[in-house]
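Below you'll find the structure, written out as structure tokens, and then a few comments.
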Amino acid sequence: VGRGGVGVVYRAWDKAGEKYVALKVIAAEAGVSPEEETRLTREGEVLSHLDHPGIVKIFAYGVLDDSHLPFIAMEWLDGADLVARQRTNPLSIKQAVDLAILVATALETAHRAGVIHRDIKPANIVLEPRAADPGELDAFPKLVDFGVAAAGDVRITRSGDVVGTPAYMAPEQARGDAPIDARSDIYSLGATLFELI
């Protein structure tokens, strides 16, 4: 159902839970670098400890028996990302502010757990449809793709590497000259809100 820089996301049936899940696996044709394996495994570890309705839930992570590729099984989200929503039915200013508040609340949970997302942007915010009065936000945002997240002082990339999406990065993150903390995510959320309004 989707493909990123090195990963592929499939819609899969979880026999134990009897529900659909999103199964994220490193694309075999991309070759599996130890760094990418570590990054995907780390994403599973990071997300498995975060419990908030605004953060995608992880059901399992590990290595597939047949291909030995790392995987993450997470909740299936029926909505589209914020990029797609803005193309088809842009949010009003009030809806954009309400969305930013909900995302900030999810980020607060992550930050309290010592997790910095490091790539907050419209493509990493999935909107699950929900009933709402006219003019109100008719979707609930969920943060996804914690693949470049950092927990505590753990760095997955080599020293000096810049991770994230340049248009949404805080200056210190883009320069790579200072430790990244919660303020970087807040800056990225602000850049996202600015774009929405």
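We name chains A, B, ... following the order of the structure tokens; residues begin at 1 in each chain, and ligands are numbered from 1 as shown.
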
Find the nearest atom pair between each residue of range 28-84 of chain A and range 107-115 of chain A for residues within 12 Å, count only C-alpha atoms, give distances in Å to one decimal, sort rows by chain and ascending number, and present the table as JSON lines.
{"residue": "A:Arg42", "atom": "CA", "partner": "A:Val115", "partner_atom": "CA", "distance": 11.3}
{"residue": "A:Glu43", "atom": "CA", "partner": "A:Val115", "partner_atom": "CA", "distance": 10.5}
{"residue": "A:Glu45", "atom": "CA", "partner": "A:Val115", "partner_atom": "CA", "distance": 10.9}
{"residue": "A:Val46", "atom": "CA", "partner": "A:Val115", "partner_atom": "CA", "distance": 7.3}
{"residue": "A:Leu47", "atom": "CA", "partner": "A:Ala110", "partner_atom": "CA", "distance": 9.0}
{"residue": "A:Ser48", "atom": "CA", "partner": "A:Ala110", "partner_atom": "CA", "distance": 11.4}
{"residue": "A:His49", "atom": "CA", "partner": "A:Ala113", "partner_atom": "CA", "distance": 8.2}
{"residue": "A:Leu50", "atom": "CA", "partner": "A:Ala110", "partner_atom": "CA", "distance": 6.5}
{"residue": "A:Asp51", "atom": "CA", "partner": "A:Thr109", "partner_atom": "CA", "distance": 7.9}
{"residue": "A:His52", "atom": "CA", "partner": "A:Thr109", "partner_atom": "CA", "distance": 7.0}
{"residue": "A:Pro53", "atom": "CA", "partner": "A:Thr109", "partner_atom": "CA", "distance": 10.1}
{"residue": "A:Gly54", "atom": "CA", "partner": "A:Leu107", "partner_atom": "CA", "distance": 8.4}
{"residue": "A:Ile55", "atom": "CA", "partner": "A:Leu107", "partner_atom": "CA", "distance": 8.4}
{"residue": "A:Val56", "atom": "CA", "partner": "A:Ala110", "partner_atom": "CA", "distance": 11.6}

When DSSP works through the backbone of this structure, what residues of range 14-191 of chain A end up as alpha helix (DSSP H), shown as a VMD selection string?
chain A and resid 34 to 48 82 to 88 93 to 112 171 to 175 182 to 191

Which of these, A:Leu77, A:Leu69, A:Ala84, A:Val97, has the shortest distance to Glu128 in chain A once you count only C-alpha atoms?
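Using only C-alpha atoms, Glu128 in chain A sits closest to A:Leu77.
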
Separation of CA of Leu193 in chain A from CA of Val103 in chain A in Å
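Atom-to-atom, CA of Val103 in chain A and CA of Leu193 in chain A are spaced 10.4 Å apart.
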
Let me make sure I understand: among A:Val144, A:Ala182, A:Asp133, A:Ile120, which one has the smallest atom-to-atom distance to Met169 in chain A if we use only C-alpha atoms?
A:Ile120
